Every structure is written in structure tokens, then in C-alpha cells.
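What follows is my_file-v7.txt (compact mmCIF, N, CA and C atoms).
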# COMPACT_ATOMS: atom_id res chain seq x y z
N MET L 1 5.90 0.91 45.82
CA MET L 1 5.40 1.98 46.64
C MET L 1 4.01 1.68 47.21
N ALA L 2 3.20 0.98 46.45
CA ALA L 2 1.83 0.72 46.91
C ALA L 2 1.79 -0.06 48.22
N PRO L 3 2.63 -1.10 48.43
CA PRO L 3 2.58 -1.81 49.71
C PRO L 3 2.97 -0.92 50.88
N GLN L 4 3.87 0.04 50.67
CA GLN L 4 4.26 0.93 51.76
C GLN L 4 3.08 1.82 52.17
N ARG L 5 2.34 2.33 51.20
CA ARG L 5 1.17 3.14 51.51
C ARG L 5 0.10 2.30 52.19
N PHE L 6 0.00 1.05 51.80
CA PHE L 6 -0.98 0.17 52.40
C PHE L 6 -0.66 -0.09 53.87
N CYS L 7 0.61 -0.19 54.18
CA CYS L 7 1.03 -0.51 55.54
C CYS L 7 1.21 0.72 56.41
N GLN L 8 1.07 1.92 55.87
CA GLN L 8 1.30 3.14 56.62
C GLN L 8 0.54 3.18 57.93
N ASP L 9 -0.74 2.86 57.91
CA ASP L 9 -1.59 2.99 59.09
C ASP L 9 -1.75 1.69 59.87
N CYS L 10 -1.05 0.67 59.51
CA CYS L 10 -1.19 -0.62 60.17
C CYS L 10 -0.36 -0.64 61.46
N ILE L 11 -0.94 -1.16 62.52
CA ILE L 11 -0.21 -1.20 63.79
C ILE L 11 0.79 -2.36 63.84
N GLN L 12 0.70 -3.29 62.90
CA GLN L 12 1.61 -4.44 62.88
C GLN L 12 2.67 -4.33 61.79
N LYS L 13 2.89 -3.13 61.24
CA LYS L 13 3.81 -3.00 60.11
C LYS L 13 5.25 -3.34 60.49
N HIS L 14 5.64 -3.09 61.73
CA HIS L 14 7.01 -3.43 62.15
C HIS L 14 7.18 -4.93 62.28
N ASP L 15 6.14 -5.60 62.77
CA ASP L 15 6.21 -7.07 62.87
C ASP L 15 6.28 -7.70 61.49
N CYS L 16 5.52 -7.18 60.56
CA CYS L 16 5.54 -7.72 59.19
C CYS L 16 6.93 -7.56 58.58
N ARG L 17 7.52 -6.41 58.74
CA ARG L 17 8.86 -6.19 58.18
C ARG L 17 9.86 -7.17 58.77
N ARG L 18 9.79 -7.37 60.07
CA ARG L 18 10.72 -8.28 60.74
C ARG L 18 10.52 -9.71 60.24
N ILE L 19 9.27 -10.13 60.13
CA ILE L 19 8.99 -11.51 59.68
C ILE L 19 9.41 -11.72 58.23
N TYR L 20 9.07 -10.77 57.35
CA TYR L 20 9.48 -10.91 55.95
C TYR L 20 10.99 -10.83 55.81
N GLY L 21 11.64 -10.05 56.65
CA GLY L 21 13.10 -10.01 56.64
C GLY L 21 13.71 -11.34 57.04
N GLN L 22 13.12 -11.98 58.06
CA GLN L 22 13.60 -13.30 58.47
C GLN L 22 13.36 -14.34 57.38
N LEU L 23 12.20 -14.28 56.74
CA LEU L 23 11.91 -15.25 55.68
C LEU L 23 12.84 -15.04 54.48
N GLY L 24 13.13 -13.79 54.15
CA GLY L 24 14.02 -13.51 53.03
C GLY L 24 15.44 -13.94 53.30
N GLY L 25 15.86 -13.90 54.56
CA GLY L 25 17.22 -14.27 54.90
C GLY L 25 17.41 -15.74 55.20
N SER L 26 16.32 -16.48 55.26
CA SER L 26 16.43 -17.89 55.60
C SER L 26 16.90 -18.71 54.40
N SER L 27 17.58 -19.78 54.70
CA SER L 27 18.00 -20.67 53.62
C SER L 27 17.47 -22.06 53.91
N GLY L 28 17.07 -22.72 52.87
CA GLY L 28 16.51 -24.06 53.02
C GLY L 28 16.81 -24.88 51.79
N PRO L 29 16.40 -26.12 51.81
CA PRO L 29 16.66 -26.99 50.66
C PRO L 29 15.84 -26.55 49.45
N SER L 30 16.38 -26.79 48.29
CA SER L 30 15.69 -26.44 47.05
C SER L 30 14.50 -27.36 46.83
N VAL L 31 13.41 -26.77 46.41
CA VAL L 31 12.21 -27.56 46.15
C VAL L 31 11.98 -27.76 44.65
N ALA L 32 12.95 -27.36 43.84
CA ALA L 32 12.78 -27.46 42.39
C ALA L 32 12.62 -28.91 41.93
N LEU L 33 13.45 -29.79 42.45
CA LEU L 33 13.36 -31.19 42.03
C LEU L 33 12.04 -31.81 42.47
N LYS L 34 11.62 -31.50 43.68
CA LYS L 34 10.34 -32.04 44.15
C LYS L 34 9.17 -31.49 43.34
N ALA L 35 9.26 -30.22 42.94
CA ALA L 35 8.19 -29.63 42.12
C ALA L 35 8.14 -30.30 40.75
N ILE L 36 9.30 -30.57 40.19
CA ILE L 36 9.34 -31.25 38.89
C ILE L 36 8.76 -32.65 39.00
N LEU L 37 9.16 -33.35 40.05
CA LEU L 37 8.63 -34.70 40.24
C LEU L 37 7.13 -34.68 40.50
N ALA L 38 6.66 -33.71 41.22
CA ALA L 38 5.25 -33.67 41.58
C ALA L 38 4.35 -33.27 40.41
N PHE L 39 4.81 -32.39 39.54
CA PHE L 39 3.94 -31.88 38.50
C PHE L 39 4.29 -32.36 37.10
N LEU L 40 5.55 -32.33 36.75
CA LEU L 40 5.90 -32.65 35.37
C LEU L 40 6.05 -34.14 35.10
N LEU L 41 6.60 -34.88 36.05
CA LEU L 41 6.80 -36.31 35.82
C LEU L 41 5.49 -37.06 35.56
N PRO L 42 4.45 -36.89 36.38
CA PRO L 42 3.20 -37.60 36.08
C PRO L 42 2.59 -37.20 34.73
N LEU L 43 2.72 -35.93 34.39
CA LEU L 43 2.18 -35.47 33.11
C LEU L 43 2.92 -36.10 31.94
N MET L 44 4.25 -36.14 32.04
CA MET L 44 5.04 -36.74 30.97
C MET L 44 4.80 -38.25 30.88
N VAL L 45 4.69 -38.90 32.04
CA VAL L 45 4.42 -40.35 32.04
C VAL L 45 3.08 -40.62 31.39
N PHE L 46 2.07 -39.80 31.69
CA PHE L 46 0.75 -40.00 31.10
C PHE L 46 0.79 -39.83 29.59
N ILE L 47 1.43 -38.77 29.13
CA ILE L 47 1.48 -38.50 27.68
C ILE L 47 2.21 -39.61 26.94
N VAL L 48 3.36 -40.01 27.47
CA VAL L 48 4.15 -41.05 26.80
C VAL L 48 3.41 -42.38 26.82
N SER L 49 2.84 -42.74 27.96
CA SER L 49 2.15 -44.03 28.03
C SER L 49 0.89 -44.04 27.17
N LEU L 50 0.22 -42.91 27.08
CA LEU L 50 -0.97 -42.84 26.20
C LEU L 50 -0.56 -43.04 24.75
N ALA L 51 0.52 -42.41 24.33
CA ALA L 51 1.00 -42.59 22.95
C ALA L 51 1.43 -44.03 22.70
N VAL L 52 2.10 -44.63 23.65
CA VAL L 52 2.56 -46.02 23.48
C VAL L 52 1.37 -46.97 23.41
N PHE L 53 0.40 -46.80 24.31
CA PHE L 53 -0.76 -47.69 24.29
C PHE L 53 -1.60 -47.49 23.04
N GLU L 54 -1.71 -46.27 22.54
CA GLU L 54 -2.44 -46.03 21.30
C GLU L 54 -1.78 -46.79 20.14
N ARG L 55 -0.47 -46.74 20.10
CA ARG L 55 0.25 -47.40 19.01
C ARG L 55 0.18 -48.92 19.14
N VAL L 56 0.32 -49.42 20.37
CA VAL L 56 0.30 -50.87 20.58
C VAL L 56 -1.09 -51.44 20.30
N LEU L 57 -2.11 -50.74 20.76
CA LEU L 57 -3.47 -51.25 20.60
C LEU L 57 -4.06 -50.97 19.22
N ALA L 58 -3.36 -50.23 18.38
CA ALA L 58 -3.89 -49.90 17.04
C ALA L 58 -4.13 -51.15 16.21
N GLY L 59 -3.24 -52.11 16.30
CA GLY L 59 -3.41 -53.32 15.51
C GLY L 59 -4.21 -54.41 16.20
N GLU L 60 -4.45 -54.26 17.49
CA GLU L 60 -5.11 -55.30 18.27
C GLU L 60 -6.62 -55.11 18.40
N ILE L 61 -7.08 -53.86 18.44
CA ILE L 61 -8.49 -53.58 18.67
C ILE L 61 -9.06 -52.92 17.42
N ALA L 62 -10.19 -53.44 16.97
CA ALA L 62 -10.76 -52.99 15.70
C ALA L 62 -11.41 -51.61 15.79
N THR L 63 -12.18 -51.36 16.84
CA THR L 63 -12.89 -50.08 16.93
C THR L 63 -12.00 -49.02 17.55
N GLU L 64 -12.03 -47.85 16.94
CA GLU L 64 -11.18 -46.74 17.39
C GLU L 64 -11.62 -46.20 18.75
N GLN L 65 -12.92 -46.21 19.01
CA GLN L 65 -13.42 -45.71 20.30
C GLN L 65 -12.95 -46.60 21.45
N MET L 66 -13.04 -47.89 21.26
CA MET L 66 -12.59 -48.82 22.30
C MET L 66 -11.09 -48.72 22.50
N GLN L 67 -10.35 -48.54 21.42
CA GLN L 67 -8.91 -48.37 21.50
C GLN L 67 -8.56 -47.12 22.31
N THR L 68 -9.27 -46.02 22.08
CA THR L 68 -9.01 -44.78 22.80
C THR L 68 -9.33 -44.91 24.28
N VAL L 69 -10.47 -45.51 24.58
CA VAL L 69 -10.87 -45.66 25.98
C VAL L 69 -9.89 -46.57 26.73
N LEU L 70 -9.54 -47.68 26.13
CA LEU L 70 -8.61 -48.61 26.77
C LEU L 70 -7.22 -47.98 26.94
N SER L 71 -6.76 -47.25 25.95
CA SER L 71 -5.47 -46.58 26.05
C SER L 71 -5.49 -45.54 27.17
N PHE L 72 -6.57 -44.79 27.27
CA PHE L 72 -6.71 -43.77 28.31
C PHE L 72 -6.70 -44.40 29.70
N VAL L 73 -7.44 -45.47 29.88
CA VAL L 73 -7.51 -46.14 31.19
C VAL L 73 -6.15 -46.72 31.56
N LEU L 74 -5.50 -47.35 30.61
CA LEU L 74 -4.18 -47.92 30.89
C LEU L 74 -3.14 -46.83 31.20
N ALA L 75 -3.21 -45.71 30.48
CA ALA L 75 -2.29 -44.60 30.76
C ALA L 75 -2.55 -44.01 32.14
N LEU L 76 -3.82 -43.92 32.54
CA LEU L 76 -4.13 -43.46 33.89
C LEU L 76 -3.57 -44.41 34.94
N LEU L 77 -3.69 -45.69 34.69
CA LEU L 77 -3.17 -46.69 35.61
C LEU L 77 -1.65 -46.59 35.76
N VAL L 78 -0.96 -46.45 34.65
CA VAL L 78 0.50 -46.32 34.69
C VAL L 78 0.90 -45.03 35.42
N THR L 79 0.18 -43.95 35.18
CA THR L 79 0.47 -42.68 35.85
C THR L 79 0.23 -42.80 37.35
N PHE L 80 -0.84 -43.47 37.74
CA PHE L 80 -1.14 -43.66 39.15
C PHE L 80 -0.03 -44.46 39.83
N VAL L 81 0.44 -45.50 39.19
CA VAL L 81 1.53 -46.29 39.74
C VAL L 81 2.80 -45.44 39.84
N CYS L 82 3.05 -44.61 38.85
CA CYS L 82 4.21 -43.71 38.89
C CYS L 82 4.13 -42.75 40.08
N VAL L 83 2.95 -42.19 40.32
CA VAL L 83 2.76 -41.29 41.46
C VAL L 83 2.99 -42.03 42.77
N LEU L 84 2.47 -43.25 42.88
CA LEU L 84 2.68 -44.03 44.09
C LEU L 84 4.16 -44.33 44.33
N ILE L 85 4.86 -44.70 43.28
CA ILE L 85 6.29 -44.99 43.40
C ILE L 85 7.05 -43.73 43.80
N THR L 86 6.70 -42.58 43.22
CA THR L 86 7.35 -41.33 43.56
C THR L 86 7.13 -40.97 45.02
N ARG L 87 5.93 -41.18 45.51
CA ARG L 87 5.64 -40.90 46.92
C ARG L 87 6.43 -41.80 47.85
N VAL L 88 6.56 -43.06 47.50
CA VAL L 88 7.32 -44.00 48.33
C VAL L 88 8.79 -43.61 48.34
N ILE L 89 9.33 -43.21 47.22
CA ILE L 89 10.73 -42.83 47.14
C ILE L 89 11.00 -41.55 47.94
N ASN L 90 10.09 -40.60 47.90
CA ASN L 90 10.28 -39.34 48.60
C ASN L 90 10.12 -39.43 50.10
N LYS L 91 9.52 -40.49 50.60
CA LYS L 91 9.33 -40.59 52.05
C LYS L 91 10.47 -41.26 52.67
As C-alpha cells:
Amino acid sequence: MAPQRFCQDCIQKHDCRRIYGQLGGSSGPSVALKAILAFLLPLMVFIVSLAVFERVLAGEIATEQMQTVLSFVLALLVTFVCVLITRVINK
């Protein structure tokens, strides 16, 4: 009810109704897969690669701080490459 009261005195209320009606009736391709690829895939790749690099570098590097920094940088690099590959595939 609140939007109707808001639009009561508007001179463009008929245009808005027509435009929103057209948008509601339009059909287009689903963006769910693209949204998943854009947001969830890089996050999952980063988390998995960070865990893998932490485990792999645990026996190779003596200091824990250096191991964490190196794992973080490598996970960022892998995630960046994943984003680039995803962009190339989507174009």
C-alpha cells in the first residue's frame, strides 16, 4: 500500500506502471549460473587453494608466518588465474 500512496500525486505514475509491467512480463536468459561463477567460484577456489598450499608448505617452510604469507599470495594468484579463465570462457 505504501508505494501506491507514494505514487498518488506523481505525474509519471502511469508511465511507471507501464514500464514495470513490461519488465515483469519480459523473459530473458537466467543469470543464476553467471552469478554463481562470478561470486562463488572465485571464493571457493581461494579457500581450497589456501588450504592446499597451507598443507603443502607446512613441511617445506620452517616459519609459520612465512608459510601463511606465501600460501596467501599463491592462493590469490590461483584465484586471479581462475577469474581470468572464467572471463575468457564467458566471452
Worksheet entry | Length of the CA of Met44 in chain L to CA of Ser30 in chain L vector [Å] |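 Atom-to-atom, CA of Met44 in chain L to CA of Ser30 in chain L, that is 21.9 Å.
Our summary of the geometry notes that CA of Gly28 in chain L is positioned 22.1 Å from atom N of Val88 in chain L.
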If we draw a sphere of 12 Å around (4.1, -37.1, 32.5), which residues have at least one atom in it when counting only C-alpha atoms? Please report them as a PDB file with N, CA and C atoms, in the coordinates of the input.
ATOM      1  N   ILE L  36       9.300 -30.570  40.190  1.00  0.00           N
ATOM      2  CA  ILE L  36       9.340 -31.250  38.890  1.00  0.00           C
ATOM      3  C   ILE L  36       8.760 -32.650  39.000  1.00  0.00           C
ATOM      4  N   LEU L  37       9.160 -33.350  40.050  1.00  0.00           N
ATOM      5  CA  LEU L  37       8.630 -34.700  40.240  1.00  0.00           C
ATOM      6  C   LEU L  37       7.130 -34.680  40.500  1.00  0.00           C
ATOM      7  N   ALA L  38       6.660 -33.710  41.220  1.00  0.00           N
ATOM      8  CA  ALA L  38       5.250 -33.670  41.580  1.00  0.00           C
ATOM      9  C   ALA L  38       4.350 -33.270  40.410  1.00  0.00           C
ATOM     10  N   PHE L  39       4.810 -32.390  39.540  1.00  0.00           N
ATOM     11  CA  PHE L  39       3.940 -31.880  38.500  1.00  0.00           C
ATOM     12  C   PHE L  39       4.290 -32.360  37.100  1.00  0.00           C
ATOM     13  N   LEU L  40       5.550 -32.330  36.750  1.00  0.00           N
ATOM     14  CA  LEU L  40       5.900 -32.650  35.370  1.00  0.00           C
ATOM     15  C   LEU L  40       6.050 -34.140  35.100  1.00  0.00           C
ATOM     16  N   LEU L  41       6.600 -34.880  36.050  1.00  0.00           N
ATOM     17  CA  LEU L  41       6.800 -36.310  35.820  1.00  0.00           C
ATOM     18  C   LEU L  41       5.490 -37.060  35.560  1.00  0.00           C
ATOM     19  N   PRO L  42       4.450 -36.890  36.380  1.00  0.00           N
ATOM     20  CA  PRO L  42       3.200 -37.600  36.080  1.00  0.00           C
ATOM     21  C   PRO L  42       2.590 -37.200  34.730  1.00  0.00           C
ATOM     22  N   LEU L  43       2.720 -35.930  34.390  1.00  0.00           N
ATOM     23  CA  LEU L  43       2.180 -35.470  33.110  1.00  0.00           C
ATOM     24  C   LEU L  43       2.920 -36.100  31.940  1.00  0.00           C
ATOM     25  N   MET L  44       4.250 -36.140  32.040  1.00  0.00           N
ATOM     26  CA  MET L  44       5.040 -36.740  30.970  1.00  0.00           C
ATOM     27  C   MET L  44       4.800 -38.250  30.880  1.00  0.00           C
ATOM     28  N   VAL L  45       4.690 -38.900  32.040  1.00  0.00           N
ATOM     29  CA  VAL L  45       4.420 -40.350  32.040  1.00  0.00           C
ATOM     30  C   VAL L  45       3.080 -40.620  31.390  1.00  0.00           C
ATOM     31  N   PHE L  46       2.070 -39.800  31.690  1.00  0.00           N
ATOM     32  CA  PHE L  46       0.750 -40.000  31.100  1.00  0.00           C
ATOM     33  C   PHE L  46       0.790 -39.830  29.590  1.00  0.00           C
ATOM     34  N   ILE L  47       1.430 -38.770  29.130  1.00  0.00           N
ATOM     35  CA  ILE L  47       1.480 -38.500  27.680  1.00  0.00           C
ATOM     36  C   ILE L  47       2.210 -39.610  26.940  1.00  0.00           C
ATOM     37  N   VAL L  48       3.360 -40.010  27.470  1.00  0.00           N
ATOM     38  CA  VAL L  48       4.150 -41.050  26.800  1.00  0.00           C
ATOM     39  C   VAL L  48       3.410 -42.380  26.820  1.00  0.00           C
ATOM     40  N   SER L  49       2.840 -42.740  27.960  1.00  0.00           N
ATOM     41  CA  SER L  49       2.150 -44.030  28.030  1.00  0.00           C
ATOM     42  C   SER L  49       0.890 -44.040  27.170  1.00  0.00           C
ATOM     43  N   LEU L  50       0.220 -42.910  27.080  1.00  0.00           N
ATOM     44  CA  LEU L  50      -0.970 -42.840  26.200  1.00  0.00           C
ATOM     45  C   LEU L  50      -0.560 -43.040  24.750  1.00  0.00           C
ATOM     46  N   ALA L  51       0.520 -42.410  24.330  1.00  0.00           N
ATOM     47  CA  ALA L  51       1.000 -42.590  22.950  1.00  0.00           C
ATOM     48  C   ALA L  51       1.430 -44.030  22.700  1.00  0.00           C
ATOM     49  N   ALA L  75      -3.210 -45.710  30.480  1.00  0.00           N
ATOM     50  CA  ALA L  75      -2.290 -44.600  30.760  1.00  0.00           C
ATOM     51  C   ALA L  75      -2.550 -44.010  32.140  1.00  0.00           C
ATOM     52  N   LEU L  76      -3.820 -43.920  32.540  1.00  0.00           N
ATOM     53  CA  LEU L  76      -4.130 -43.460  33.890  1.00  0.00           C
ATOM     54  C   LEU L  76      -3.570 -44.410  34.940  1.00  0.00           C
ATOM     55  N   VAL L  78      -0.960 -46.450  34.650  1.00  0.00           N
ATOM     56  CA  VAL L  78       0.500 -46.320  34.690  1.00  0.00           C
ATOM     57  C   VAL L  78       0.900 -45.030  35.420  1.00  0.00           C
ATOM     58  N   THR L  79       0.180 -43.950  35.180  1.00  0.00           N
ATOM     59  CA  THR L  79       0.470 -42.680  35.850  1.00  0.00           C
ATOM     60  C   THR L  79       0.230 -42.800  37.350  1.00  0.00           C
ATOM     61  N   PHE L  80      -0.840 -43.470  37.740  1.00  0.00           N
ATOM     62  CA  PHE L  80      -1.140 -43.660  39.150  1.00  0.00           C
ATOM     63  C   PHE L  80      -0.030 -44.460  39.830  1.00  0.00           C
ATOM     64  N   VAL L  81       0.440 -45.500  39.190  1.00  0.00           N
ATOM     65  CA  VAL L  81       1.530 -46.290  39.740  1.00  0.00           C
ATOM     66  C   VAL L  81       2.800 -45.440  39.840  1.00  0.00           C
ATOM     67  N   CYS L  82       3.050 -44.610  38.850  1.00  0.00           N
ATOM     68  CA  CYS L  82       4.210 -43.710  38.890  1.00  0.00           C
ATOM     69  C   CYS L  82       4.130 -42.750  40.080  1.00  0.00           C
ATOM     70  N   VAL L  83       2.950 -42.190  40.320  1.00  0.00           N
ATOM     71  CA  VAL L  83       2.760 -41.290  41.460  1.00  0.00           C
ATOM     72  C   VAL L  83       2.990 -42.030  42.770  1.00  0.00           C
TER      73      VAL L  83
END
Worksheet entry | Atom pair CA of Leu23 in chain L / CA of Lys91 in chain L: separation (Å) |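 For CA of Leu23 in chain L relative to CA of Lys91 in chain L, the distance reads 25.7 Å.
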Practice prompt. Assign secondary structure with DSSP using the backbone only, and return the residues of range 28-84 of chain L in alpha helix (DSSP H) as an MDAnalysis selection string.
Written response: chainID L and resid 32:35 41:58 64:84
Output requested as a PDB file, in the coordinates of the input - range 10-29 of chain L, filled out with N, CA, C and O atoms.
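And here's result-v7.pdb as it stands now:
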ATOM      1  N   CYS L  10      -1.050   0.670  59.510  1.00  0.00           N
ATOM      2  CA  CYS L  10      -1.190  -0.620  60.170  1.00  0.00           C
ATOM      3  C   CYS L  10      -0.360  -0.640  61.460  1.00  0.00           C
ATOM      4  O   CYS L  10       0.796  -0.195  61.474  1.00  0.00           O
ATOM      5  N   ILE L  11      -0.940  -1.160  62.520  1.00  0.00           N
ATOM      6  CA  ILE L  11      -0.210  -1.200  63.790  1.00  0.00           C
ATOM      7  C   ILE L  11       0.790  -2.360  63.840  1.00  0.00           C
ATOM      8  O   ILE L  11       1.657  -2.391  64.698  1.00  0.00           O
ATOM      9  N   GLN L  12       0.700  -3.290  62.900  1.00  0.00           N
ATOM     10  CA  GLN L  12       1.610  -4.440  62.880  1.00  0.00           C
ATOM     11  C   GLN L  12       2.670  -4.330  61.790  1.00  0.00           C
ATOM     12  O   GLN L  12       3.324  -5.307  61.456  1.00  0.00           O
ATOM     13  N   LYS L  13       2.890  -3.130  61.240  1.00  0.00           N
ATOM     14  CA  LYS L  13       3.810  -3.000  60.110  1.00  0.00           C
ATOM     15  C   LYS L  13       5.250  -3.340  60.490  1.00  0.00           C
ATOM     16  O   LYS L  13       5.998  -3.872  59.691  1.00  0.00           O
ATOM     17  N   HIS L  14       5.640  -3.090  61.730  1.00  0.00           N
ATOM     18  CA  HIS L  14       7.010  -3.430  62.150  1.00  0.00           C
ATOM     19  C   HIS L  14       7.180  -4.930  62.280  1.00  0.00           C
ATOM     20  O   HIS L  14       8.230  -5.474  61.947  1.00  0.00           O
ATOM     21  N   ASP L  15       6.140  -5.600  62.770  1.00  0.00           N
ATOM     22  CA  ASP L  15       6.210  -7.070  62.870  1.00  0.00           C
ATOM     23  C   ASP L  15       6.280  -7.700  61.490  1.00  0.00           C
ATOM     24  O   ASP L  15       7.023  -8.666  61.291  1.00  0.00           O
ATOM     25  N   CYS L  16       5.520  -7.180  60.560  1.00  0.00           N
ATOM     26  CA  CYS L  16       5.540  -7.720  59.190  1.00  0.00           C
ATOM     27  C   CYS L  16       6.930  -7.560  58.580  1.00  0.00           C
ATOM     28  O   CYS L  16       7.439  -8.492  57.955  1.00  0.00           O
ATOM     29  N   ARG L  17       7.520  -6.410  58.740  1.00  0.00           N
ATOM     30  CA  ARG L  17       8.860  -6.190  58.180  1.00  0.00           C
ATOM     31  C   ARG L  17       9.860  -7.170  58.770  1.00  0.00           C
ATOM     32  O   ARG L  17      10.699  -7.718  58.068  1.00  0.00           O
ATOM     33  N   ARG L  18       9.790  -7.370  60.070  1.00  0.00           N
ATOM     34  CA  ARG L  18      10.720  -8.280  60.740  1.00  0.00           C
ATOM     35  C   ARG L  18      10.520  -9.710  60.240  1.00  0.00           C
ATOM     36  O   ARG L  18      11.489 -10.408  59.914  1.00  0.00           O
ATOM     37  N   ILE L  19       9.270 -10.130  60.130  1.00  0.00           N
ATOM     38  CA  ILE L  19       8.990 -11.510  59.680  1.00  0.00           C
ATOM     39  C   ILE L  19       9.410 -11.720  58.230  1.00  0.00           C
ATOM     40  O   ILE L  19      10.060 -12.712  57.906  1.00  0.00           O
ATOM     41  N   TYR L  20       9.070 -10.770  57.350  1.00  0.00           N
ATOM     42  CA  TYR L  20       9.480 -10.910  55.950  1.00  0.00           C
ATOM     43  C   TYR L  20      10.990 -10.830  55.810  1.00  0.00           C
ATOM     44  O   TYR L  20      11.584 -11.481  54.950  1.00  0.00           O
ATOM     45  N   GLY L  21      11.640 -10.050  56.650  1.00  0.00           N
ATOM     46  CA  GLY L  21      13.100 -10.010  56.640  1.00  0.00           C
ATOM     47  C   GLY L  21      13.710 -11.340  57.040  1.00  0.00           C
ATOM     48  O   GLY L  21      14.693 -11.793  56.458  1.00  0.00           O
ATOM     49  N   GLN L  22      13.120 -11.980  58.060  1.00  0.00           N
ATOM     50  CA  GLN L  22      13.600 -13.300  58.470  1.00  0.00           C
ATOM     51  C   GLN L  22      13.360 -14.340  57.380  1.00  0.00           C
ATOM     52  O   GLN L  22      14.214 -15.191  57.125  1.00  0.00           O
ATOM     53  N   LEU L  23      12.200 -14.280  56.740  1.00  0.00           N
ATOM     54  CA  LEU L  23      11.910 -15.250  55.680  1.00  0.00           C
ATOM     55  C   LEU L  23      12.840 -15.040  54.480  1.00  0.00           C
ATOM     56  O   LEU L  23      13.283 -16.003  53.860  1.00  0.00           O
ATOM     57  N   GLY L  24      13.130 -13.790  54.150  1.00  0.00           N
ATOM     58  CA  GLY L  24      14.020 -13.510  53.030  1.00  0.00           C
ATOM     59  C   GLY L  24      15.440 -13.940  53.300  1.00  0.00           C
ATOM     60  O   GLY L  24      16.169 -14.328  52.380  1.00  0.00           O
ATOM     61  N   GLY L  25      15.860 -13.900  54.560  1.00  0.00           N
ATOM     62  CA  GLY L  25      17.220 -14.270  54.900  1.00  0.00           C
ATOM     63  C   GLY L  25      17.410 -15.740  55.200  1.00  0.00           C
ATOM     64  O   GLY L  25      18.529 -16.209  55.380  1.00  0.00           O
ATOM     65  N   SER L  26      16.320 -16.480  55.260  1.00  0.00           N
ATOM     66  CA  SER L  26      16.430 -17.890  55.600  1.00  0.00           C
ATOM     67  C   SER L  26      16.900 -18.710  54.400  1.00  0.00           C
ATOM     68  O   SER L  26      16.662 -18.348  53.253  1.00  0.00           O
ATOM     69  N   SER L  27      17.580 -19.780  54.700  1.00  0.00           N
ATOM     70  CA  SER L  27      18.000 -20.670  53.620  1.00  0.00           C
ATOM     71  C   SER L  27      17.470 -22.060  53.910  1.00  0.00           C
ATOM     72  O   SER L  27      17.391 -22.488  55.050  1.00  0.00           O
ATOM     73  N   GLY L  28      17.070 -22.720  52.870  1.00  0.00           N
ATOM     74  CA  GLY L  28      16.510 -24.060  53.020  1.00  0.00           C
ATOM     75  C   GLY L  28      16.810 -24.880  51.790  1.00  0.00           C
ATOM     76  O   GLY L  28      17.415 -24.408  50.823  1.00  0.00           O
ATOM     77  N   PRO L  29      16.400 -26.120  51.810  1.00  0.00           N
ATOM     78  CA  PRO L  29      16.660 -26.990  50.660  1.00  0.00           C
ATOM     79  C   PRO L  29      15.840 -26.550  49.450  1.00  0.00           C
ATOM     80  O   PRO L  29      14.744 -25.991  49.577  1.00  0.00           O
TER      81      PRO L  29
END
